[in-house]
$ cat work.txt   # compact mmCIF, C-alpha atoms and all ligand atoms
# COMPACT_ATOMS: atom_id res chain seq x y z
CA MET A 21 0.00 0.00 0.00
CA SER A 22 1.27 3.46 -0.78
CA ILE A 23 0.22 7.06 -0.22
CA ASP A 24 0.26 9.72 -2.92
CA LEU A 25 -0.53 13.30 -1.91
CA HIS A 26 0.57 15.20 -5.04
CA CYS A 27 -0.45 14.81 -8.69
CA HIS A 28 -2.06 16.64 -11.61
CA SER A 29 -5.05 16.06 -13.87
CA THR A 30 -6.40 17.68 -17.06
CA ILE A 31 -7.89 20.31 -14.73
CA SER A 32 -4.37 21.83 -14.69
CA ASP A 33 -1.35 20.56 -16.61
CA GLY A 34 -1.73 16.78 -16.33
CA ALA A 35 -2.63 14.43 -19.16
CA TYR A 36 -5.39 12.36 -17.49
CA ALA A 37 -8.82 13.29 -16.18
CA PRO A 38 -9.41 13.12 -12.39
CA ASP A 39 -11.40 9.87 -12.57
CA VAL A 40 -8.79 8.17 -14.76
CA LEU A 41 -6.07 9.27 -12.32
CA ALA A 42 -8.07 7.84 -9.41
CA GLN A 43 -8.20 4.50 -11.20
CA LYS A 44 -4.49 4.57 -11.95
CA ALA A 45 -3.62 5.49 -8.36
CA HIS A 46 -5.79 2.63 -7.09
CA GLN A 47 -4.30 0.13 -9.56
CA ASN A 48 -0.82 1.18 -8.48
CA GLY A 49 -1.60 0.40 -4.85
CA ALA A 50 -2.58 3.72 -3.27
CA SER A 51 -4.62 3.55 -0.08
CA MET A 52 -4.71 7.33 0.37
CA TRP A 53 -4.63 9.77 -2.51
CA ALA A 54 -4.88 13.53 -3.13
CA LEU A 55 -5.35 15.43 -6.37
CA THR A 56 -3.34 18.69 -6.32
CA ASP A 57 -3.95 20.67 -9.49
CA HIS A 58 -2.22 24.03 -9.91
CA ASP A 59 -4.38 26.84 -8.48
CA GLU A 60 -7.63 24.96 -9.18
CA ILE A 61 -9.88 22.58 -7.24
CA ALA A 62 -12.55 21.88 -9.86
CA GLY A 63 -11.34 18.28 -10.21
CA LEU A 64 -11.83 17.32 -6.57
CA SER A 65 -15.44 16.15 -6.63
CA LEU A 66 -14.95 13.73 -9.55
CA ALA A 67 -11.66 12.54 -8.05
CA ARG A 68 -13.27 12.01 -4.63
CA GLU A 69 -16.30 10.22 -6.03
CA THR A 70 -14.15 7.82 -8.06
CA ALA A 71 -11.65 7.26 -5.25
CA ASN A 72 -14.39 6.50 -2.73
CA ARG A 73 -16.05 4.04 -5.10
CA LEU A 74 -12.71 2.23 -5.35
CA GLY A 75 -12.30 2.19 -1.56
CA MET A 76 -9.41 4.62 -1.52
CA GLN A 77 -9.22 7.43 1.03
CA PHE A 78 -9.38 10.76 -0.80
CA ILE A 79 -7.82 13.97 0.49
CA ASN A 80 -8.69 17.38 -0.96
CA GLY A 81 -5.60 18.96 -2.49
CA VAL A 82 -4.30 21.93 -4.44
CA GLU A 83 -0.85 23.22 -5.45
CA ILE A 84 -0.68 26.99 -5.06
CA SER A 85 1.76 29.17 -7.04
CA THR A 86 3.72 31.68 -4.96
CA VAL A 87 6.87 33.75 -5.36
CA PHE A 88 9.55 34.03 -2.72
CA MET A 89 12.72 36.08 -3.33
CA GLY A 90 12.10 36.03 -7.08
CA VAL A 91 11.70 32.26 -7.31
CA THR A 92 8.43 30.40 -7.90
CA VAL A 93 7.61 28.26 -4.88
CA HIS A 94 4.75 25.76 -4.77
CA ILE A 95 2.68 25.35 -1.62
CA VAL A 96 0.49 22.25 -1.51
CA GLY A 97 -2.72 22.53 0.48
CA LEU A 98 -4.21 19.30 1.86
CA HIS A 99 -7.38 18.31 3.71
CA PHE A 100 -9.10 21.72 3.46
CA ASP A 101 -12.77 22.53 3.04
CA ASP A 102 -13.20 22.88 -0.72
CA GLN A 103 -16.33 25.01 -0.19
CA ASP A 104 -14.36 27.67 1.72
CA SER A 105 -15.15 30.95 -0.06
CA GLY A 106 -11.85 32.57 0.91
CA LEU A 107 -9.92 29.76 -0.75
CA VAL A 108 -12.19 29.69 -3.81
CA ASP A 109 -11.76 33.47 -4.31
CA PHE A 110 -8.02 33.29 -3.73
CA LEU A 111 -7.61 30.59 -6.39
CA ASN A 112 -9.90 32.44 -8.83
CA ASP A 113 -7.66 35.46 -8.46
CA LEU A 114 -4.50 33.43 -9.16
CA ARG A 115 -6.09 31.91 -12.25
CA GLN A 116 -6.93 35.37 -13.61
CA LYS A 117 -3.19 36.05 -13.41
CA ARG A 118 -2.59 32.91 -15.48
CA ILE A 119 -4.62 34.41 -18.35
CA ALA A 120 -2.54 37.60 -18.45
CA ARG A 121 0.68 35.63 -18.20
CA ALA A 122 -0.29 33.21 -20.97
CA LYS A 123 -1.02 36.18 -23.24
CA ALA A 124 2.40 37.64 -22.43
CA MET A 125 4.01 34.28 -23.16
CA ALA A 126 2.22 34.09 -26.51
CA LEU A 127 3.55 37.55 -27.32
CA CYS A 128 7.09 36.28 -26.66
CA PHE A 129 6.51 33.42 -29.08
CA ASP A 130 4.99 35.80 -31.67
CA ARG A 131 8.19 37.84 -31.52
CA LEU A 132 10.21 34.68 -32.01
CA GLY A 133 8.20 34.00 -35.18
CA ILE A 134 6.10 31.24 -33.60
CA PRO A 135 2.47 32.37 -34.02
CA ASN A 136 -0.82 31.29 -32.42
CA THR A 137 0.65 29.70 -29.33
CA PHE A 138 -2.14 31.01 -27.06
CA GLU A 139 -4.73 29.18 -29.17
CA GLY A 140 -2.35 26.22 -29.43
CA ALA A 141 -1.92 25.98 -25.67
CA LEU A 142 -5.71 26.03 -25.24
CA LEU A 143 -5.89 22.75 -27.18
CA PHE A 144 -4.28 21.14 -24.13
CA SER A 145 -6.20 22.92 -21.35
CA GLU A 146 -9.67 21.82 -22.38
CA GLY A 147 -10.15 25.31 -23.79
CA ARG A 148 -9.73 27.01 -20.42
CA GLU A 149 -7.67 30.21 -20.43
CA ASP A 150 -7.52 30.51 -16.65
CA VAL A 151 -5.58 27.29 -16.06
CA LEU A 152 -3.03 27.86 -18.84
CA GLY A 153 0.55 27.25 -17.85
CA ARG A 154 3.91 26.52 -19.37
CA VAL A 155 3.20 22.82 -19.92
CA HIS A 156 0.30 23.62 -22.26
CA PHE A 157 2.62 25.78 -24.38
CA ALA A 158 5.25 23.03 -24.28
CA ARG A 159 2.75 20.47 -25.50
CA TYR A 160 1.73 22.72 -28.36
CA LEU A 161 5.37 23.31 -29.40
CA HIS A 162 5.76 19.54 -29.35
CA GLN A 163 2.63 19.02 -31.43
CA ILE A 164 3.86 21.38 -34.17
CA GLY A 165 7.20 19.60 -34.21
CA LEU A 166 9.27 22.53 -32.96
CA VAL A 167 10.66 20.41 -30.12
CA SER A 168 10.91 16.65 -29.79
CA THR A 169 10.13 16.47 -26.05
CA ILE A 170 8.32 18.58 -23.43
CA GLN A 171 11.66 18.87 -21.65
CA GLU A 172 13.23 20.38 -24.76
CA ALA A 173 10.50 23.05 -24.82
CA PHE A 174 11.46 24.00 -21.26
CA ASP A 175 15.18 23.86 -21.98
CA ARG A 176 14.94 26.02 -25.11
CA TYR A 177 12.09 28.41 -24.28
CA LEU A 178 10.15 28.05 -21.05
CA SER A 179 12.41 27.44 -18.07
CA ASP A 180 13.02 30.24 -15.57
CA GLY A 181 15.07 33.00 -17.23
CA ASN A 182 14.68 31.54 -20.73
CA ILE A 183 13.50 33.51 -23.82
CA ALA A 184 9.77 32.82 -23.47
CA TYR A 185 9.72 32.78 -19.67
CA VAL A 186 7.26 35.20 -18.13
CA PRO A 187 7.30 35.25 -14.33
CA GLY A 188 3.86 34.81 -12.78
CA GLN A 189 2.46 37.51 -10.50
CA TRP A 190 1.71 34.83 -7.94
CA ALA A 191 0.77 35.07 -4.27
CA THR A 192 3.27 35.34 -1.42
CA VAL A 193 4.13 32.31 0.71
CA PRO A 194 2.39 33.74 3.83
CA GLU A 195 -0.76 34.53 1.82
CA ALA A 196 -1.00 30.99 0.43
CA VAL A 197 -0.32 29.38 3.81
CA ALA A 198 -2.87 31.60 5.57
CA CYS A 199 -5.50 30.86 2.95
CA ILE A 200 -5.02 27.08 3.29
CA ARG A 201 -5.05 27.26 7.09
CA GLU A 202 -8.20 29.42 7.13
CA ALA A 203 -9.90 26.78 4.96
CA GLY A 204 -9.03 24.21 7.65
CA GLY A 205 -6.19 22.65 5.67
CA VAL A 206 -2.54 21.74 6.11
CA ALA A 207 0.10 23.73 4.18
CA VAL A 208 2.95 21.68 2.72
CA LEU A 209 6.08 23.13 1.14
CA ALA A 210 6.43 21.27 -2.17
CA HIS A 211 9.66 19.82 -3.61
CA LEU A 212 12.14 22.05 -1.79
CA GLY A 213 14.96 20.40 -3.76
CA ARG A 214 13.82 22.08 -6.96
CA TYR A 215 14.25 25.71 -5.98
CA LYS A 216 17.44 27.45 -7.06
CA TYR A 217 18.28 29.11 -3.75
CA THR A 218 21.49 29.65 -1.87
CA PRO A 219 21.53 27.86 1.53
CA LEU A 220 20.79 31.20 3.20
CA GLN A 221 17.81 31.89 0.94
CA GLN A 222 16.47 28.38 1.56
CA THR A 223 16.66 29.06 5.29
CA GLU A 224 14.77 32.33 4.78
CA LEU A 225 12.06 30.41 2.90
CA LEU A 226 11.77 27.81 5.67
CA ILE A 227 11.55 30.54 8.32
CA SER A 228 8.84 32.42 6.39
CA PHE A 229 6.88 29.23 5.67
CA LYS A 230 6.99 28.07 9.29
CA LYS A 231 6.22 31.49 10.73
CA SER A 232 3.14 31.79 8.52
CA GLY A 233 1.72 28.47 9.73
CA GLY A 234 3.26 25.96 7.32
CA GLN A 235 3.37 22.53 8.96
CA ALA A 236 4.89 20.05 6.51
CA ILE A 237 7.43 19.64 3.73
CA GLU A 238 7.61 17.11 0.93
CA VAL A 239 10.39 14.61 1.49
CA VAL A 240 9.62 11.76 -0.91
CA THR A 241 8.43 13.21 -4.22
CA GLY A 242 8.82 12.46 -7.91
CA SER A 243 10.39 15.93 -8.07
CA HIS A 244 13.28 14.84 -5.83
CA LYS A 245 15.93 12.35 -6.79
CA PRO A 246 15.96 9.32 -4.43
CA GLU A 247 19.38 10.40 -3.15
CA GLN A 248 17.80 13.70 -1.98
CA TYR A 249 15.19 12.03 0.27
CA ASN A 250 17.53 11.85 3.27
CA GLN A 251 18.56 15.48 2.91
CA TYR A 252 14.93 16.67 3.12
CA ALA A 253 14.10 14.12 5.81
CA LYS A 254 16.81 15.76 7.90
CA ILE A 255 15.34 19.21 7.29
CA ALA A 256 11.91 17.94 8.35
CA MET A 257 13.43 16.54 11.57
CA ASP A 258 15.60 19.58 12.33
CA TRP A 259 12.79 22.08 11.73
CA GLY A 260 9.98 20.08 13.31
CA PHE A 261 7.98 19.70 10.10
CA TYR A 262 5.63 16.86 9.31
CA ALA A 263 6.64 14.98 6.15
CA SER A 264 4.60 14.50 2.99
CA CYS A 265 5.02 12.31 -0.05
CA GLY A 266 3.61 12.36 -3.56
CA SER A 267 4.41 11.39 -7.11
CA ASP A 268 3.89 14.83 -8.73
CA TYR A 269 2.63 12.71 -11.61
CA HIS A 270 1.53 14.59 -14.75
CA GLY A 271 1.31 11.63 -17.15
CA LEU A 272 3.61 13.37 -19.63
CA LYS A 273 7.03 11.81 -19.20
CA THR A 274 8.20 8.26 -19.64
CA HIS A 275 10.34 8.20 -16.50
CA GLU A 276 7.90 9.80 -14.05
CA MET A 277 7.18 8.36 -10.65
CA MET A 278 3.82 6.63 -11.21
CA VAL A 279 0.69 8.02 -9.59
CA GLY A 280 -0.17 5.92 -6.53
CA ARG A 281 3.22 4.20 -6.45
CA VAL A 282 5.29 6.31 -4.07
CA PRO A 283 8.14 4.98 -1.92
CA ARG A 284 7.54 5.00 1.84
CA LEU A 285 8.60 7.94 3.99
CA PRO A 286 11.58 7.27 6.26
CA SER A 287 10.08 5.74 9.42
CA ASN A 288 11.56 8.27 11.84
CA LEU A 289 9.46 11.11 10.37
CA ASN A 290 6.01 12.29 11.41
CA PRO A 291 3.79 11.73 8.37
CA VAL A 292 1.52 14.63 7.44
CA TRP A 293 -1.62 12.46 7.64
CA LYS A 294 -1.16 12.30 11.43
CA LEU A 295 -2.50 15.86 11.38
CA TRP A 296 -5.92 14.72 10.19
CA HIS A 297 -5.98 11.27 11.80
CA ASP A 298 -5.43 12.60 15.35
P1 LIG B 301 3.59 27.16 -14.49
O1 LIG B 301 2.78 27.01 -13.23
O2 LIG B 301 2.79 27.55 -15.66
O3 LIG B 301 4.80 28.01 -14.29
O4 LIG B 301 4.12 25.71 -14.84
C1 LIG B 301 4.79 24.96 -13.87
C2 LIG B 301 4.82 23.51 -14.31
O5 LIG B 301 5.69 23.35 -15.42
C3 LIG B 301 5.35 22.56 -13.27
O6 LIG B 301 4.34 22.18 -12.37
C4 LIG B 301 5.79 21.40 -14.11
O7 LIG B 301 4.66 20.64 -14.47
C5 LIG B 301 6.30 22.06 -15.36
N1 LIG B 301 7.76 22.31 -15.37
C6 LIG B 301 8.42 23.29 -14.73
N2 LIG B 301 9.73 23.25 -15.01
C7 LIG B 301 9.89 22.22 -15.87
C8 LIG B 301 11.01 21.64 -16.54
N3 LIG B 301 12.25 22.15 -16.40
N4 LIG B 301 10.79 20.58 -17.33
C9 LIG B 301 9.56 20.06 -17.48
N5 LIG B 301 8.46 20.55 -16.89
C10 LIG B 301 8.63 21.61 -16.09
MN MN B 302 2.73 21.02 -13.30
MN MN B 303 5.24 21.95 -8.28
MN MN B 304 3.03 19.46 -8.89
$ encode --input "work.txt" --output "structure tokens" --more "lines below"
Ligand code: AMP
Ligand code: MN
Ligand code: MN
Ligand code: MN
Amino acid sequence: MSIDLHCHSTISDGAYAPDVLAQKAHQNGASMWALTDHDEIAGLSLARETANRLGMQFINGVEISTVFMGVTVHIVGLHFDDQDSGLVDFLNDLRQKRIARAKAMALCFDRLGIPNTFEGALLFSEGREDVLGRVHFARYLHQIGLVSTIQEAFDRYLSDGNIAYVPGQWATVPEAVACIREAGGVAVLAHLGRYKYTPLQQTELLISFKKSGGQAIEVVTGSHKPEQYNQYAKIAMDWGFYASCGSDYHGLKTHEMMVGRVPRLPSNLNPVWKLWHD
């Protein structure tokens, strides 16, 4: 049995619908599962319904986009009330910013002589402008044969600082944490190993996250290499954070950690689900 508290559906930048993901997570051995789309919770009811029918415990989830010291940081919210109006409004606001950013990204591509990328990206977001992100653009560039992999689209155009990169006007870390907490949820700092910070900046992030009410960090995630697990386990121990784990599955890469098939957390850590089981 495994536990997966981080993955993406077609509601954001994943390739599979919430019900299909639930089935995959179940087939892969998950006993507890959360769907965590970027800045959107519209997939939760279908995910929950399907998970419950399969006998899998479902946890409400979301992955919120924030900026800290100029770097995009993702805060995962778990086990919140998905009817909370503060959270719903907060996410609506973030998604409006996605529309403006996607238009600015399309303008970058226009200038590079690559037209119609806004419309192209929409082919991969079920026509929704407010969930558009870099992956949808990457998939379009792949479809028109400009790149041979999604990764190549990031490496050549979309990664932070690259020619078609437009920084998002996201929330702050304290705002996202407060919003999750006010909706009764647990705030989890996602994939710390991915952020390009100096050690001092990483410490600043951890201080800010903890001070604002953040309670957990991801230790075992598809976004960390296995050899990084111990490093983040130590941070969880040293800082008194609960530990979370999740595949960060998008269904787009061949070598992804599979949804629902996540290695166990080191046994000396306090797992994040203790917070809602106690
Ligand atoms: P956005 O929220 O629009 O900035 O897109 C962020 C998403 O892009 C992440 O959640 C990943 O799915 C994807 N992503 C970010 N960096 C990379 C990368 N270097 N290679 C592949 N996918 C990436
Ligand atoms: Mn993503
Ligand atoms: Mn993320
Ligand atoms: Mn993610």
$ residues_near_point --input "work.txt" --point "(14.1, 29.4, 3.6)" --cutoff "12 Å" --atoms "only C-alpha atoms" --output "PyMOL selection string"
chain A and resi 88-89+91+93+193+209+212-213+215-231+234+237+255+259
$ write_last_selection --input "work.txt" --atoms "C-alpha atoms" --output "PDB file, in the coordinates of the input"
ATOM      1  CA  PHE A  88       9.550  34.030  -2.720  1.00  0.00           C
ATOM      2  CA  MET A  89      12.720  36.080  -3.330  1.00  0.00           C
ATOM      3  CA  VAL A  91      11.700  32.260  -7.310  1.00  0.00           C
ATOM      4  CA  VAL A  93       7.610  28.260  -4.880  1.00  0.00           C
ATOM      5  CA  VAL A 193       4.130  32.310   0.710  1.00  0.00           C
ATOM      6  CA  LEU A 209       6.080  23.130   1.140  1.00  0.00           C
ATOM      7  CA  LEU A 212      12.140  22.050  -1.790  1.00  0.00           C
ATOM      8  CA  GLY A 213      14.960  20.400  -3.760  1.00  0.00           C
ATOM      9  CA  TYR A 215      14.250  25.710  -5.980  1.00  0.00           C
ATOM     10  CA  LYS A 216      17.440  27.450  -7.060  1.00  0.00           C
ATOM     11  CA  TYR A 217      18.280  29.110  -3.750  1.00  0.00           C
ATOM     12  CA  THR A 218      21.490  29.650  -1.870  1.00  0.00           C
ATOM     13  CA  PRO A 219      21.530  27.860   1.530  1.00  0.00           C
ATOM     14  CA  LEU A 220      20.790  31.200   3.200  1.00  0.00           C
ATOM     15  CA  GLN A 221      17.810  31.890   0.940  1.00  0.00           C
ATOM     16  CA  GLN A 222      16.470  28.380   1.560  1.00  0.00           C
ATOM     17  CA  THR A 223      16.660  29.060   5.290  1.00  0.00           C
ATOM     18  CA  GLU A 224      14.770  32.330   4.780  1.00  0.00           C
ATOM     19  CA  LEU A 225      12.060  30.410   2.900  1.00  0.00           C
ATOM     20  CA  LEU A 226      11.770  27.810   5.670  1.00  0.00           C
ATOM     21  CA  ILE A 227      11.550  30.540   8.320  1.00  0.00           C
ATOM     22  CA  SER A 228       8.840  32.420   6.390  1.00  0.00           C
ATOM     23  CA  PHE A 229       6.880  29.230   5.670  1.00  0.00           C
ATOM     24  CA  LYS A 230       6.990  28.070   9.290  1.00  0.00           C
ATOM     25  CA  LYS A 231       6.220  31.490  10.730  1.00  0.00           C
ATOM     26  CA  GLY A 234       3.260  25.960   7.320  1.00  0.00           C
ATOM     27  CA  ILE A 237       7.430  19.640   3.730  1.00  0.00           C
ATOM     28  CA  ILE A 255      15.340  19.210   7.290  1.00  0.00           C
ATOM     29  CA  TRP A 259      12.790  22.080  11.730  1.00  0.00           C
TER      30      TRP A 259
END
$ residues_near_ligand --input "work.txt" --ligand "ligand MN 302 (chain B)" --cutoff "9 Å" --atoms "all atoms listed in the file" --output "list in words"
Cys27, His28, Ser32, Asp33, Gly34, Asp57, His58, Glu83, Gly153, Arg154, Val155, Asp268, Tyr269 and His270 of chain A
$ residues_around --input "work.txt" --residues "Gln116 (chain A)" --least-positions-apart "4" --cutoff "8 Å" --atoms "all atoms listed in the file" --output "list in words"
Asn112, Ala120 and Asp150 of chain A
$ atom_distance --input "work.txt" --atom1 "CA of Phe174 (chain A)" --atom2 "atom N4 of ligand LIG 301 (chain B)"
5.3 Å
$ closest_atom_pairs --input "work.txt" --of "chain A" --to "ligand MN 303 (chain B)" --cutoff "9 Å" --atoms "all atoms listed in the file" --output "CSV"
residue,atom,partner,partner_atom,distance
A:His26,CA,B:MN303,MN,8.8
A:His58,CA,B:MN303,MN,7.9
A:Glu83,CA,B:MN303,MN,6.8
A:Ile84,CA,B:MN303,MN,8.4
A:Ser85,CA,B:MN303,MN,8.1
A:Val93,CA,B:MN303,MN,7.5
A:His94,CA,B:MN303,MN,5.2
A:Ile95,CA,B:MN303,MN,7.9
A:Val96,CA,B:MN303,MN,8.3
A:Ala210,CA,B:MN303,MN,6.3
A:His211,CA,B:MN303,MN,6.8
A:Arg214,CA,B:MN303,MN,8.7
A:Ser243,CA,B:MN303,MN,7.9
A:Asp268,CA,B:MN303,MN,7.3
$ residues_near_point --input "work.txt" --point "(12.1, 19.8, -25.1)" --cutoff "12 Å" --atoms "all atoms listed in the file" --output "ChimeraX atom specification"
/A:155,157-163,165-179,272-273
$ residues_around --input "work.txt" --residues "Ile119 (chain A)" --least-positions-apart "2" --cutoff "9 Å" --atoms "all atoms listed in the file" --output "list in words"
Arg115, Gln116, Lys117, Arg121, Ala122, Lys123, Ala124, Glu149, Asp150, Val151, Leu152 and Gly153 of chain A
$ write_last_selection --input "work.txt" --atoms "C-alpha atoms" --output "compact mmCIF listing (two decimals), in the coordinates of the input"
# COMPACT_ATOMS: atom_id res chain seq x y z
CA ARG A 115 -6.09 31.91 -12.25
CA GLN A 116 -6.93 35.37 -13.61
CA LYS A 117 -3.19 36.05 -13.41
CA ARG A 121 0.68 35.63 -18.20
CA ALA A 122 -0.29 33.21 -20.97
CA LYS A 123 -1.02 36.18 -23.24
CA ALA A 124 2.40 37.64 -22.43
CA GLU A 149 -7.67 30.21 -20.43
CA ASP A 150 -7.52 30.51 -16.65
CA VAL A 151 -5.58 27.29 -16.06
CA LEU A 152 -3.03 27.86 -18.84
CA GLY A 153 0.55 27.25 -17.85
$ residues_around --input "work.txt" --residues "region 51-54 of chain A" --least-positions-apart "4" --cutoff "7 Å" --atoms "all atoms listed in the file" --output "list in words"
Met21, Ser22, Ile23, Asp24, Leu25, His26, Met76, Gln77, Phe78, Ile79, Asn80 and Gly81 of chain A
$ closest_residue --input "work.txt" --among "A:Glu247, A:Leu295, A:Ala196, A:Gly97" --to "ligand MN 304 (chain B)" --atoms "all atoms listed in the file"
A:Gly97
$ atom_distance --input "work.txt" --atom1 "CA of Ser267 (chain A)" --atom2 "CA of Val240 (chain A)"
8.1 Å
$ residues_around --input "work.txt" --residues "Trp190 (chain A)" --least-positions-apart "3" --cutoff "7 Å" --atoms "only C-alpha atoms" --output "PDB file with C-alpha atoms, keeping the file's coordinate frame"
ATOM      1  CA  SER A  85       1.760  29.170  -7.040  1.00  0.00           C
ATOM      2  CA  THR A  86       3.720  31.680  -4.960  1.00  0.00           C
ATOM      3  CA  VAL A  87       6.870  33.750  -5.360  1.00  0.00           C
ATOM      4  CA  LEU A 114      -4.500  33.430  -9.160  1.00  0.00           C
TER       5      LEU A 114
END
$ atom_distance --input "work.txt" --atom1 "CA of Gly90 (chain A)" --atom2 "CA of Gln189 (chain A)"
10.3 Å
$ build_atoms --input "work.txt" --residues "region 170-177 of chain A" --atoms "all heavy atoms" --output "CSV table (one decimal), in the frame of the given file"
chain,number,residue,atom,x,y,z
A,170,ILE,N,8.8,17.5,-24.3
A,170,ILE,CA,8.3,18.6,-23.4
A,170,ILE,C,9.5,19.2,-22.8
A,170,ILE,O,9.6,20.5,-22.6
A,170,ILE,CB,7.4,18.0,-22.3
A,170,ILE,CG1,6.2,17.3,-23.0
A,170,ILE,CG2,6.9,19.1,-21.4
A,170,ILE,CD1,5.2,18.2,-23.7
A,171,GLN,N,10.5,18.4,-22.3
A,171,GLN,CA,11.7,18.9,-21.6
A,171,GLN,C,12.4,19.8,-22.5
A,171,GLN,O,12.9,20.9,-22.1
A,171,GLN,CB,12.5,17.7,-21.3
A,171,GLN,CG,13.7,18.0,-20.4
A,171,GLN,CD,13.3,18.7,-19.1
A,171,GLN,OE1,12.4,18.3,-18.4
A,171,GLN,NE2,13.9,19.9,-18.8
A,172,GLU,N,12.5,19.5,-23.8
A,172,GLU,CA,13.2,20.4,-24.8
A,172,GLU,C,12.6,21.8,-24.9
A,172,GLU,O,13.2,22.8,-25.0
A,172,GLU,CB,13.3,19.7,-26.1
A,172,GLU,CG,14.3,20.4,-27.1
A,172,GLU,CD,14.2,19.9,-28.5
A,172,GLU,OE1,13.8,18.8,-28.8
A,172,GLU,OE2,14.5,20.8,-29.4
A,173,ALA,N,11.2,21.8,-24.8
A,173,ALA,CA,10.5,23.0,-24.8
A,173,ALA,C,10.9,23.9,-23.6
A,173,ALA,O,11.0,25.1,-23.7
A,173,ALA,CB,9.0,22.8,-24.8
A,174,PHE,N,11.0,23.3,-22.4
A,174,PHE,CA,11.5,24.0,-21.3
A,174,PHE,C,12.9,24.4,-21.4
A,174,PHE,O,13.3,25.6,-21.1
A,174,PHE,CB,11.3,23.2,-20.0
A,174,PHE,CG,9.9,23.3,-19.5
A,174,PHE,CD1,8.9,22.4,-19.9
A,174,PHE,CD2,9.5,24.2,-18.5
A,174,PHE,CE1,7.6,22.5,-19.5
A,174,PHE,CE2,8.2,24.4,-18.1
A,174,PHE,CZ,7.2,23.5,-18.5
A,175,ASP,N,13.8,23.5,-21.9
A,175,ASP,CA,15.2,23.9,-22.0
A,175,ASP,C,15.5,25.0,-23.0
A,175,ASP,O,16.4,25.8,-22.8
A,175,ASP,CB,16.0,22.6,-22.4
A,175,ASP,CG,16.0,21.5,-21.3
A,175,ASP,OD1,15.6,21.9,-20.1
A,175,ASP,OD2,16.3,20.4,-21.6
A,176,ARG,N,14.7,25.0,-24.1
A,176,ARG,CA,14.9,26.0,-25.1
A,176,ARG,C,14.1,27.3,-24.9
A,176,ARG,O,14.6,28.4,-25.4
A,176,ARG,CB,14.7,25.4,-26.5
A,176,ARG,CG,15.8,24.5,-27.0
A,176,ARG,CD,15.5,23.8,-28.3
A,176,ARG,NE,15.2,24.7,-29.3
A,176,ARG,CZ,14.7,24.3,-30.5
A,176,ARG,NH1,14.5,23.0,-30.7
A,176,ARG,NH2,14.3,25.1,-31.5
A,177,TYR,N,13.0,27.2,-24.3
A,177,TYR,CA,12.1,28.4,-24.3
A,177,TYR,C,11.5,28.8,-22.9
A,177,TYR,O,11.4,29.9,-22.6
A,177,TYR,CB,10.9,28.2,-25.2
A,177,TYR,CG,11.2,28.0,-26.6
A,177,TYR,CD1,11.2,26.7,-27.2
A,177,TYR,CD2,11.6,29.0,-27.5
A,177,TYR,CE1,11.5,26.4,-28.5
A,177,TYR,CE2,11.9,28.8,-28.8
A,177,TYR,CZ,11.8,27.5,-29.3
A,177,TYR,OH,12.2,27.3,-30.6
